[in-house]
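Enquirer: Hey, dropping data-v4.csv in here, CSV, C-alpha atoms:
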chain,number,residue,atom,x,y,z
A,1,THR,CA,-37.1,-37.6,-11.6
A,2,SER,CA,-39.6,-38.3,-8.9
A,3,ALA,CA,-40.3,-34.6,-8.4
A,4,ARG,CA,-40.8,-34.2,-12.1
A,5,ASN,CA,-43.2,-37.1,-12.3
A,6,CYS,CA,-45.2,-35.8,-9.4
A,7,VAL,CA,-45.4,-32.1,-10.4
A,8,HIS,CA,-45.1,-32.2,-14.2
A,9,GLY,CA,-48.4,-31.4,-15.7
A,10,ASP,CA,-50.2,-30.2,-12.6
A,11,VAL,CA,-52.4,-27.2,-12.8
A,12,VAL,CA,-52.1,-24.6,-10.1
A,13,GLY,CA,-54.9,-22.2,-10.5
A,14,THR,CA,-54.7,-21.1,-14.1
A,15,THR,CA,-51.1,-22.2,-14.5
A,16,LYS,CA,-50.0,-25.5,-15.8
A,17,LEU,CA,-46.5,-26.7,-14.6
A,18,LEU,CA,-44.2,-28.1,-17.2
A,19,LEU,CA,-40.8,-29.1,-15.7
A,20,ALA,CA,-37.6,-29.5,-17.7
A,21,TYR,CA,-33.9,-29.8,-16.7
A,22,VAL,CA,-31.0,-27.7,-18.0
A,23,ARG,CA,-28.0,-30.0,-18.8
A,24,GLU,CA,-25.0,-29.2,-16.7
A,25,ASN,CA,-22.0,-27.9,-18.7
A,26,ARG,CA,-18.9,-29.7,-17.7
A,27,GLU,CA,-15.5,-29.0,-19.1
A,28,HIS,CA,-13.4,-31.8,-20.6
A,29,VAL,CA,-11.0,-33.4,-18.3
A,30,ALA,CA,-8.0,-32.4,-20.5
A,31,VAL,CA,-9.1,-28.8,-20.7
A,32,GLN,CA,-9.6,-28.6,-16.9
A,33,TRP,CA,-6.2,-30.2,-16.4
A,34,ILE,CA,-4.5,-27.7,-18.7
A,35,LYS,CA,-6.1,-24.8,-16.8
A,36,ASP,CA,-5.1,-26.2,-13.5
A,37,HIS,CA,-1.5,-26.6,-14.7
A,38,SER,CA,-1.0,-23.4,-16.7
A,39,LYS,CA,2.4,-22.6,-15.1
A,40,PHE,CA,4.2,-25.1,-17.3
A,41,MET,CA,1.6,-25.5,-20.1
A,42,ILE,CA,2.0,-21.9,-21.3
A,43,PRO,CA,5.8,-22.2,-22.0
A,44,LEU,CA,5.2,-25.7,-23.4
A,45,ALA,CA,2.6,-24.4,-25.9
A,46,ALA,CA,4.9,-21.5,-26.9
A,47,ALA,CA,7.8,-23.8,-27.4
A,48,ALA,CA,5.6,-26.1,-29.5
A,49,LEU,CA,4.5,-23.2,-31.6
A,50,ILE,CA,8.1,-22.0,-32.2
A,51,ALA,CA,9.2,-25.5,-33.0
A,52,ALA,CA,6.4,-25.9,-35.5
A,53,ILE,CA,7.5,-22.6,-37.2
A,54,TYR,CA,11.1,-23.8,-37.4
A,55,ALA,CA,10.1,-27.2,-38.7
A,56,VAL,CA,8.2,-25.6,-41.5
A,57,PHE,CA,10.5,-22.8,-42.5
A,58,ASP,CA,14.0,-24.3,-41.8
A,59,PRO,CA,13.9,-26.6,-44.9
A,60,ILE,CA,12.9,-23.7,-47.0
A,61,ARG,CA,15.7,-21.6,-45.7
A,62,GLU,CA,18.2,-24.4,-46.2
A,63,PHE,CA,17.0,-24.8,-49.8
A,64,CYS,CA,17.3,-21.0,-50.4
A,65,VAL,CA,20.9,-20.9,-49.0
A,66,GLU,CA,22.0,-23.9,-51.0
A,67,ASN,CA,20.5,-22.4,-54.1
A,68,LYS,CA,22.4,-19.1,-53.4
A,69,ILE,CA,25.6,-21.2,-53.4
A,70,THR,CA,25.0,-23.5,-56.3
A,71,HIS,CA,22.8,-21.1,-58.4
A,72,ARG,CA,20.8,-24.1,-59.5
A,73,PHE,CA,17.6,-22.1,-60.1
A,74,ASP,CA,19.2,-18.7,-60.8
A,75,LEU,CA,18.2,-17.6,-64.3
A,76,SER,CA,21.1,-15.2,-64.6
A,77,HIS,CA,23.4,-18.3,-64.7
A,78,VAL,CA,21.6,-19.9,-67.6
A,79,PRO,CA,24.1,-19.7,-70.6
A,80,LEU,CA,21.9,-17.8,-73.0
A,81,LEU,CA,20.1,-15.5,-70.5
A,82,GLY,CA,23.3,-14.9,-68.6
A,83,ASP,CA,25.2,-13.7,-71.8
A,84,VAL,CA,22.3,-11.4,-72.8
A,85,ARG,CA,22.2,-9.9,-69.3
A,86,ARG,CA,26.0,-9.3,-69.2
A,87,ALA,CA,25.9,-7.8,-72.7
A,88,ALA,CA,23.1,-5.5,-71.7
A,89,MET,CA,25.0,-4.4,-68.5
A,90,ARG,CA,28.2,-3.7,-70.5
A,91,SER,CA,26.3,-1.6,-73.0
A,92,LEU,CA,24.6,0.4,-70.2
A,93,LEU,CA,27.7,0.9,-68.3
A,94,ARG,CA,29.8,1.4,-71.4
A,95,ARG,CA,32.7,-0.7,-70.2
A,96,ASP,CA,34.9,-3.1,-72.0
A,97,SER,CA,37.4,-5.7,-71.0
A,98,ALA,CA,40.5,-3.4,-71.5
A,99,PRO,CA,40.6,-2.0,-67.9
A,100,GLN,CA,40.2,-5.5,-66.4
A,101,GLN,CA,43.1,-6.8,-68.5
A,102,ASP,CA,45.2,-3.8,-67.5
A,103,MET,CA,44.8,-4.5,-63.8
A,104,SER,CA,47.0,-7.6,-64.2
A,105,ALA,CA,49.9,-5.3,-65.1
A,106,TRP,CA,50.1,-3.9,-61.5
A,107,SER,CA,53.3,-4.9,-59.8
A,108,GLY,CA,52.9,-8.2,-57.9
A,109,LEU,CA,49.1,-8.4,-58.6
A,110,THR,CA,49.4,-11.3,-60.9
A,111,ASP,CA,51.9,-13.2,-58.7
A,112,GLN,CA,49.7,-12.7,-55.6
A,113,GLY,CA,46.6,-13.8,-57.6
A,114,SER,CA,48.4,-17.0,-58.7
A,115,ARG,CA,49.5,-17.6,-55.2
A,116,LEU,CA,46.0,-17.2,-53.9
A,117,ALA,CA,44.7,-19.6,-56.6
A,118,SER,CA,47.3,-22.2,-55.6
A,119,ILE,CA,46.2,-22.0,-52.0
A,120,LEU,CA,42.6,-22.5,-53.0
A,121,ASP,CA,43.5,-25.6,-55.0
A,122,GLU,CA,44.6,-27.3,-51.8
A,123,PRO,CA,42.3,-28.7,-49.1
A,124,PRO,CA,41.2,-26.1,-46.6
A,125,GLU,CA,43.3,-25.9,-43.5
A,126,SER,CA,43.3,-22.3,-42.3
A,127,PHE,CA,42.1,-18.8,-43.1
A,128,VAL,CA,43.4,-16.9,-46.2
A,129,VAL,CA,43.8,-13.2,-45.5
A,130,VAL,CA,44.2,-10.8,-48.4
A,131,SER,CA,45.5,-7.6,-46.9
A,132,GLY,CA,46.2,-4.2,-48.5
A,133,PRO,CA,45.2,-0.6,-48.6
A,134,HIS,CA,42.0,0.6,-50.2
A,135,GLY,CA,42.1,0.4,-54.0
A,136,SER,CA,45.1,-2.1,-54.1
A,137,GLY,CA,43.1,-4.7,-56.0
A,138,LYS,CA,42.0,-7.1,-53.2
A,139,THR,CA,38.6,-7.7,-54.7
A,140,ARG,CA,40.0,-8.2,-58.2
A,141,VAL,CA,42.6,-10.7,-57.0
A,142,VAL,CA,39.9,-12.7,-55.2
A,143,GLU,CA,37.6,-12.6,-58.2
A,144,GLN,CA,40.3,-13.9,-60.5
A,145,ALA,CA,41.4,-16.6,-58.1
A,146,THR,CA,37.8,-17.9,-57.6
A,147,ALA,CA,36.9,-17.6,-61.3
A,148,GLY,CA,37.3,-21.4,-61.7
A,149,LYS,CA,35.5,-22.3,-58.6
A,150,LYS,CA,32.1,-23.9,-58.9
A,151,TYR,CA,30.7,-22.7,-55.6
A,152,CYS,CA,31.5,-19.3,-54.2
A,153,ILE,CA,29.5,-17.1,-51.8
A,154,VAL,CA,30.5,-13.5,-50.9
A,155,VAL,CA,29.6,-11.6,-47.7
A,156,ASP,CA,30.2,-7.8,-48.1
A,157,ALA,CA,31.0,-6.6,-44.6
A,158,ARG,CA,30.8,-3.0,-45.7
A,159,LYS,CA,27.1,-3.3,-46.3
A,160,LEU,CA,26.7,-4.9,-42.8
A,161,ALA,CA,28.6,-2.1,-41.2
A,162,ALA,CA,26.4,0.5,-43.0
A,163,GLU,CA,23.3,-0.7,-41.0
A,164,HIS,CA,22.5,1.1,-37.8
A,165,SER,CA,21.3,-1.7,-35.5
A,166,ASP,CA,22.1,-5.3,-34.8
A,167,LEU,CA,18.7,-6.4,-36.1
A,168,GLU,CA,19.3,-4.6,-39.4
A,169,GLN,CA,22.8,-6.1,-39.7
A,170,MET,CA,21.3,-9.6,-39.1
A,171,THR,CA,18.7,-8.9,-41.8
A,172,GLN,CA,21.4,-7.8,-44.3
A,173,LEU,CA,23.5,-10.9,-43.6
A,174,ALA,CA,20.5,-13.1,-44.2
A,175,ARG,CA,19.8,-11.3,-47.5
A,176,GLN,CA,23.4,-11.8,-48.7
A,177,LEU,CA,23.4,-15.5,-47.8
A,178,GLY,CA,20.0,-16.1,-49.3
A,179,TRP,CA,18.4,-17.1,-45.9
A,180,TRP,CA,14.7,-16.6,-46.5
A,181,PRO,CA,12.1,-16.0,-45.1
A,182,VAL,CA,13.3,-13.7,-42.4
A,183,PHE,CA,10.9,-12.9,-39.5
A,184,ASN,CA,12.2,-10.0,-37.5
A,185,SER,CA,9.0,-10.0,-35.5
A,186,ILE,CA,9.7,-13.5,-34.1
A,187,ILE,CA,12.4,-12.0,-31.9
A,188,SER,CA,9.9,-9.6,-30.3
A,189,ILE,CA,7.3,-12.4,-30.0
A,190,THR,CA,9.6,-14.8,-28.3
A,191,ASN,CA,10.9,-12.1,-25.9
A,192,ALA,CA,7.3,-11.1,-25.0
A,193,VAL,CA,6.3,-14.8,-24.4
A,194,ASP,CA,9.4,-15.2,-22.2
A,195,MET,CA,8.5,-12.2,-20.2
A,196,MET,CA,4.9,-13.4,-19.8
A,197,VAL,CA,6.1,-16.8,-18.6
A,198,LYS,CA,8.5,-15.2,-16.2
A,199,ALA,CA,5.8,-13.1,-14.8
A,200,THR,CA,3.5,-16.1,-14.5
A,201,THR,CA,5.8,-18.8,-13.2
A,202,GLY,CA,8.7,-16.7,-11.8
A,203,SER,CA,11.3,-18.4,-14.1
A,204,ASN,CA,12.5,-17.9,-17.7
A,205,ALA,CA,11.2,-20.2,-20.4
A,206,GLY,CA,14.4,-20.0,-22.3
A,207,ILE,CA,12.8,-19.3,-25.7
A,208,SER,CA,13.8,-15.7,-26.1
A,209,ALA,CA,15.7,-14.8,-29.3
A,210,THR,CA,18.3,-12.1,-30.0
A,211,PRO,CA,19.9,-10.9,-33.2
A,212,GLU,CA,23.1,-12.8,-32.2
A,213,SER,CA,21.2,-16.1,-31.8
A,214,GLN,CA,19.5,-15.5,-35.2
A,215,VAL,CA,23.0,-14.9,-36.8
A,216,ARG,CA,24.1,-18.2,-35.3
A,217,ARG,CA,21.1,-20.0,-36.8
A,218,ILE,CA,21.8,-18.4,-40.2
A,219,LEU,CA,25.4,-19.5,-40.1
A,220,GLU,CA,24.4,-23.0,-39.0
A,221,THR,CA,22.1,-23.2,-42.0
A,222,LEU,CA,24.9,-22.2,-44.3
A,223,ALA,CA,27.2,-24.9,-42.7
A,224,LEU,CA,24.5,-27.5,-43.2
A,225,ALA,CA,24.1,-26.5,-46.9
A,226,LEU,CA,27.9,-26.7,-47.4
A,227,ALA,CA,27.9,-30.2,-45.8
A,228,ASN,CA,25.1,-31.3,-48.1
A,229,ILE,CA,27.0,-30.1,-51.1
A,230,ARG,CA,30.1,-32.0,-50.0
A,231,GLN,CA,28.2,-35.1,-49.3
A,232,ARG,CA,26.4,-35.1,-52.7
A,233,ARG,CA,29.8,-34.6,-54.5
A,234,LEU,CA,31.3,-37.5,-52.6
A,235,GLN,CA,28.4,-39.7,-53.5
A,236,LEU,CA,28.6,-38.7,-57.2
A,237,GLN,CA,32.3,-39.4,-57.1
A,238,ALA,CA,31.7,-42.9,-55.6
A,239,ARG,CA,29.1,-43.7,-58.3
A,240,GLU,CA,31.5,-42.6,-61.0
A,241,ARG,CA,34.3,-44.8,-59.6
A,242,GLU,CA,31.8,-47.7,-59.3
A,243,HIS,CA,30.6,-47.2,-62.9
A,244,GLU,CA,34.2,-47.1,-64.2
A,245,GLY,CA,35.1,-50.2,-62.2
A,246,ARG,CA,37.9,-48.4,-60.4
A,247,SER,CA,39.3,-49.6,-57.2
A,248,PHE,CA,38.1,-48.1,-54.0
A,249,SER,CA,41.5,-48.3,-52.4
A,250,GLU,CA,41.9,-44.7,-53.4
A,251,SER,CA,40.6,-42.0,-51.1
A,252,VAL,CA,37.0,-41.2,-51.9
A,253,HIS,CA,36.8,-38.5,-49.2
A,254,THR,CA,38.7,-36.0,-51.3
A,255,VAL,CA,36.7,-33.4,-53.2
A,256,PRO,CA,38.2,-31.9,-56.4
A,257,SER,CA,39.6,-28.5,-55.8
A,258,ALA,CA,37.1,-26.9,-58.2
A,259,ASP,CA,34.2,-28.3,-56.2
A,260,ILE,CA,35.4,-27.0,-52.8
A,261,PRO,CA,33.2,-24.0,-51.9
A,262,VAL,CA,34.8,-20.6,-51.2
A,263,ILE,CA,33.4,-18.2,-48.6
A,264,VAL,CA,34.7,-14.6,-49.2
A,265,LEU,CA,34.3,-12.1,-46.3
A,266,ASP,CA,34.9,-8.9,-48.3
A,267,ASN,CA,36.0,-5.7,-46.5
A,268,PHE,CA,35.9,-7.6,-43.2
A,269,MET,CA,37.1,-5.8,-40.0
A,270,ASP,CA,37.4,-2.5,-41.9
A,271,LYS,CA,34.6,-1.2,-39.7
A,272,SER,CA,33.0,-2.4,-36.5
A,273,ILE,CA,30.4,-5.2,-36.8
A,274,ALA,CA,28.5,-6.5,-33.8
A,275,PHE,CA,28.8,-10.1,-35.0
A,276,THR,CA,32.5,-10.2,-35.9
A,277,PRO,CA,33.6,-12.8,-33.2
A,278,VAL,CA,30.5,-15.0,-34.1
A,279,ILE,CA,31.4,-15.0,-37.8
A,280,LEU,CA,35.1,-15.7,-37.2
A,281,ASP,CA,34.4,-18.6,-34.8
A,282,TRP,CA,31.9,-20.1,-37.2
A,283,ALA,CA,34.3,-19.7,-40.2
A,284,ALA,CA,37.1,-21.4,-38.2
A,285,SER,CA,34.9,-24.4,-37.5
A,286,VAL,CA,33.9,-24.6,-41.2
A,287,VAL,CA,37.5,-24.5,-42.3
A,288,GLU,CA,38.6,-27.1,-39.7
A,289,ALA,CA,35.9,-29.4,-40.9
A,290,GLY,CA,37.1,-29.1,-44.5
A,291,LEU,CA,33.8,-27.8,-45.8
A,292,ALA,CA,35.0,-24.7,-47.5
A,293,HIS,CA,37.8,-22.2,-47.9
A,294,CYS,CA,37.4,-18.9,-46.1
A,295,VAL,CA,39.1,-15.8,-47.8
A,296,ILE,CA,39.1,-12.6,-45.9
A,297,THR,CA,39.9,-9.3,-47.5
A,298,THR,CA,40.7,-6.4,-45.1
A,299,SER,CA,42.4,-3.0,-45.1
A,300,SER,CA,42.9,-3.1,-41.4
A,301,ILE,CA,46.4,-3.5,-40.1
A,302,SER,CA,45.4,-5.6,-37.2
A,303,GLY,CA,43.0,-7.7,-39.2
A,304,TYR,CA,45.4,-10.6,-39.6
A,305,HIS,CA,46.1,-10.8,-35.9
A,306,GLU,CA,42.3,-10.9,-35.1
A,307,VAL,CA,41.8,-13.7,-37.6
A,308,GLN,CA,44.8,-15.6,-36.2
A,309,ARG,CA,43.2,-15.4,-32.7
A,310,ALA,CA,40.1,-17.2,-34.0
A,311,GLN,CA,42.2,-20.1,-35.2
A,312,PRO,CA,45.4,-20.1,-33.2
A,313,GLN,CA,46.3,-23.7,-34.0
A,314,SER,CA,46.7,-23.1,-37.8
A,315,PRO,CA,48.6,-20.0,-39.1
A,316,ALA,CA,46.5,-18.1,-41.6
A,317,SER,CA,47.9,-17.6,-45.1
A,318,LEU,CA,48.6,-14.0,-45.8
A,319,VAL,CA,48.5,-12.4,-49.3
A,320,SER,CA,49.7,-8.8,-49.1
A,321,LEU,CA,49.0,-6.2,-51.8
A,322,ALA,CA,50.5,-2.7,-52.2
A,323,ASP,CA,49.6,0.5,-54.0
A,324,ALA,CA,50.3,0.9,-57.6
A,325,SER,CA,53.4,2.7,-58.8
A,326,PRO,CA,52.9,6.1,-60.5
A,327,ILE,CA,53.5,4.6,-64.0
A,328,GLU,CA,50.9,2.0,-63.4
A,329,ALA,CA,48.4,4.5,-62.0
A,330,ILE,CA,48.8,6.7,-65.1
A,331,SER,CA,48.4,3.7,-67.4
A,332,LEU,CA,45.2,2.8,-65.6
A,333,LEU,CA,43.8,6.3,-65.8
A,334,GLN,CA,44.5,6.3,-69.6
A,335,HIS,CA,42.6,3.1,-70.0
A,336,GLN,CA,39.7,4.4,-68.0
A,337,LEU,CA,39.4,7.8,-69.5
A,338,ALA,CA,40.7,7.6,-73.1
A,339,PRO,CA,38.8,5.9,-76.0
A,340,PRO,CA,40.1,2.5,-76.9
A,341,ASN,CA,41.4,3.6,-80.3
A,342,LEU,CA,43.7,6.2,-78.6
A,343,LEU,CA,45.2,3.8,-76.0
A,344,GLN,CA,47.8,2.5,-78.4
A,345,GLN,CA,48.8,6.0,-79.4
A,346,THR,CA,49.1,7.3,-75.8
A,347,THR,CA,51.8,6.1,-73.4
A,348,PRO,CA,53.1,7.8,-70.2
A,349,ASP,CA,56.3,9.7,-70.9
A,350,SER,CA,59.0,10.5,-68.5
A,351,SER,CA,57.8,14.0,-67.8
A,352,SER,CA,54.4,12.8,-66.8
A,353,VAL,CA,56.0,10.2,-64.6
A,354,GLU,CA,58.2,12.8,-62.9
A,355,SER,CA,55.2,15.1,-62.4
A,356,ALA,CA,53.3,12.2,-60.9
A,357,GLU,CA,56.1,11.3,-58.5
A,358,SER,CA,56.4,14.9,-57.4
Write out the structure in this file as structure tokens.
Expert:
Amino acid sequence: TSARNCVHGDVVGTTKLLLAYVRENREHVAVQWIKDHSKFMIPLAAAALIAAIYAVFDPIREFCVENKITHRFDLSHVPLLGDVRRAAMRSLLRRDSAPQQDMSAWSGLTDQGSRLASILDEPPESFVVVSGPHGSGKTRVVEQATAGKKYCIVVDARKLAAEHSDLEQMTQLARQLGWWPVFNSIISITNAVDMMVKATTGSNAGISATPESQVRRILETLALALANIRQRRLQLQAREREHEGRSFSESVHTVPSADIPVIVLDNFMDKSIAFTPVILDWAASVVEAGLAHCVITTSSISGYHEVQRAQPQSPASLVSLADASPIEAISLLQHQLAPPNLLQQTTPDSSSVESAES
């Protein structure tokens, strides 16, 4: 200041001196502290970003999975629109109900379907394995047994096995369960951040993701949706009891059999899937918690034993199906190939049966 007052405005020769000061740019204390402690601020910022992403999208995914189970906002389940859609599909595919009715004539199919339905009417205690060769009617038996169920979700393991990589199998599983949105790039991003933190600090940040960890998150979201459905049903049941003035001495923790969700693992263990142990362990925990039944259809001979290893304390219920007899196979072919008006006129004779057996 003194130098400025003494020199400012002086004239040296033909030059007039005008002095001014440039303000010193100082960083904020917080910014300087973050730069000085970048070793743990970088992983902390990455973890905060990932947590924010999960906090925003996890409720959306839970809503989508629950809607996949309840079909609350599914237009195809609206009575009028659903009937129109099914009528249009039948007209396009040119199928009627005769072949479906004829399937019940297979030996033991109706009995096994009734047995499966009776198992599903009880509280869930263990796995239910529907075993049989390809084309023995496993899917049809499960569809008939779960026709009266309010909540049913199907996972087709054949589509999972058709994918070439673990990431594609994870994406297919998320699509079947309604887990949306799916960010496959988040795995690459978290792995890159983890590698960067390791190169900077020398230790892992623990935020890397793998397809298996994503599968676990998908299944956890499904379990949470099942728990929410059960809790709402119990609350509704308690309100109904209170409205009717009924005594609460009765058990209010029992959900009606029609409202117990059913998880169907179709074509499971027929082909190799990377996440088979993860899915079995999760399904065992869901069954033990009483959140849902788990029905597994498989053509593998060792499928029952693999399921039993996942829940050794409770023996799995086994529903075995066999191939159709020659007479039943001929009858089914006639229903599939012949026009409906000729079905009553055509019946398998003894010669056709003998030729089929030969």
Enquirer: Kindly extract all protein, DNA and RNA residues lying within 6 Å of the coordinates (27.4, -20.7, -54.7) given in the file, considering all atoms listed in the file, and supply them as a ChimeraX atom specification.
Expert: /A:68-71,151-153
Enquirer: For Ala157 of chain A, please output as a ChimeraX atom specification all residues within 12 Å (counting only C-alpha atoms; exclusion window: fewer than 3 positions along the same chain).
Expert: /A:154,160-163,169-170,172-173,176,264-276,279,296-299
Enquirer: Just to confirm, what's the straight-line distance from atom CA of Ser165 of chain A to atom CA of Glu212 of chain A in Å (one decimal)?
Expert: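 Interatomic distance here is 11.7 Å.
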Enquirer: Record the distance separating atom CA of Arg158 of chain A and atom CA of Ser114 of chain A, expressed in Å with one decimal.
Expert: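 Here the two named atoms are 26.0 Å from each other.
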Enquirer: For atom CA of Ser185 of chain A and atom CA of Glu220 of chain A, quote the distance in Å rounded to one decimal.
Expert: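 So the answer is 20.5 Å.
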Enquirer: Can you list, as a PyMOL selection string, every protein, DNA or RNA residue that comes within 7 Å of Ala225 of chain A when you count all atoms listed in the file, leaving out same-chain residues fewer than 5 positions away?
Expert: chain A and resi 62+65-66
Enquirer: Kindly save the residues from that selection, with C-alpha atoms included, as a PDB file, in the coordinates of the input.
Expert:
ATOM      1  CA  GLU A  62      18.200 -24.400 -46.200  1.00  0.00           C
ATOM      2  CA  VAL A  65      20.900 -20.900 -49.000  1.00  0.00           C
ATOM      3  CA  GLU A  66      22.000 -23.900 -51.000  1.00  0.00           C
TER       4      GLU A  66
END
Enquirer: Quick one: residues within 10 Å of Pro277 of chain A, only C-alpha atoms counted, chain neighbours fewer than 3 positions away excluded, as a CSV table (one decimal) with C-alpha atoms, in the frame of the given file?
Expert:
chain,number,residue,atom,x,y,z
A,273,ILE,CA,30.4,-5.2,-36.8
A,274,ALA,CA,28.5,-6.5,-33.8
A,280,LEU,CA,35.1,-15.7,-37.2
A,281,ASP,CA,34.4,-18.6,-34.8
A,282,TRP,CA,31.9,-20.1,-37.2
A,283,ALA,CA,34.3,-19.7,-40.2
A,306,GLU,CA,42.3,-10.9,-35.1
A,307,VAL,CA,41.8,-13.7,-37.6
A,309,ARG,CA,43.2,-15.4,-32.7
A,310,ALA,CA,40.1,-17.2,-34.0
Enquirer: Skipping near chain neighbours, those fewer than 6 positions away, what residues fall within 10 Å of Ala117 of chain A using all atoms listed in the file, listed as a list in words?
Expert: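 Those residues are Asp111, Val141, Val142, Gln144, Ala145, Thr146, Ala147, Gly148 and Lys149 of chain A.
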Enquirer: Okay, now the selection with C-alpha atoms, as an mmCIF file, in the frame of the given file?
Expert:
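New file result.cif:
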data_model
loop_
_atom_site.group_PDB
_atom_site.id
_atom_site.type_symbol
_atom_site.label_atom_id
_atom_site.label_comp_id
_atom_site.auth_asym_id
_atom_site.auth_seq_id
_atom_site.Cartn_x
_atom_site.Cartn_y
_atom_site.Cartn_z
ATOM 1 C CA ASP A 111 51.900 -13.200 -58.700
ATOM 2 C CA VAL A 141 42.600 -10.700 -57.000
ATOM 3 C CA VAL A 142 39.900 -12.700 -55.200
ATOM 4 C CA GLN A 144 40.300 -13.900 -60.500
ATOM 5 C CA ALA A 145 41.400 -16.600 -58.100
ATOM 6 C CA THR A 146 37.800 -17.900 -57.600
ATOM 7 C CA ALA A 147 36.900 -17.600 -61.300
ATOM 8 C CA GLY A 148 37.300 -21.400 -61.700
ATOM 9 C CA LYS A 149 35.500 -22.300 -58.600
#
Enquirer: Name the residues in contact with Pro315 of chain A at a cut-off of 9 Å, using all atoms listed in the file, excluding same-chain residues fewer than 5 positions from it; report them as a PyMOL selection string.
Expert: chain A and resi 126-127+308
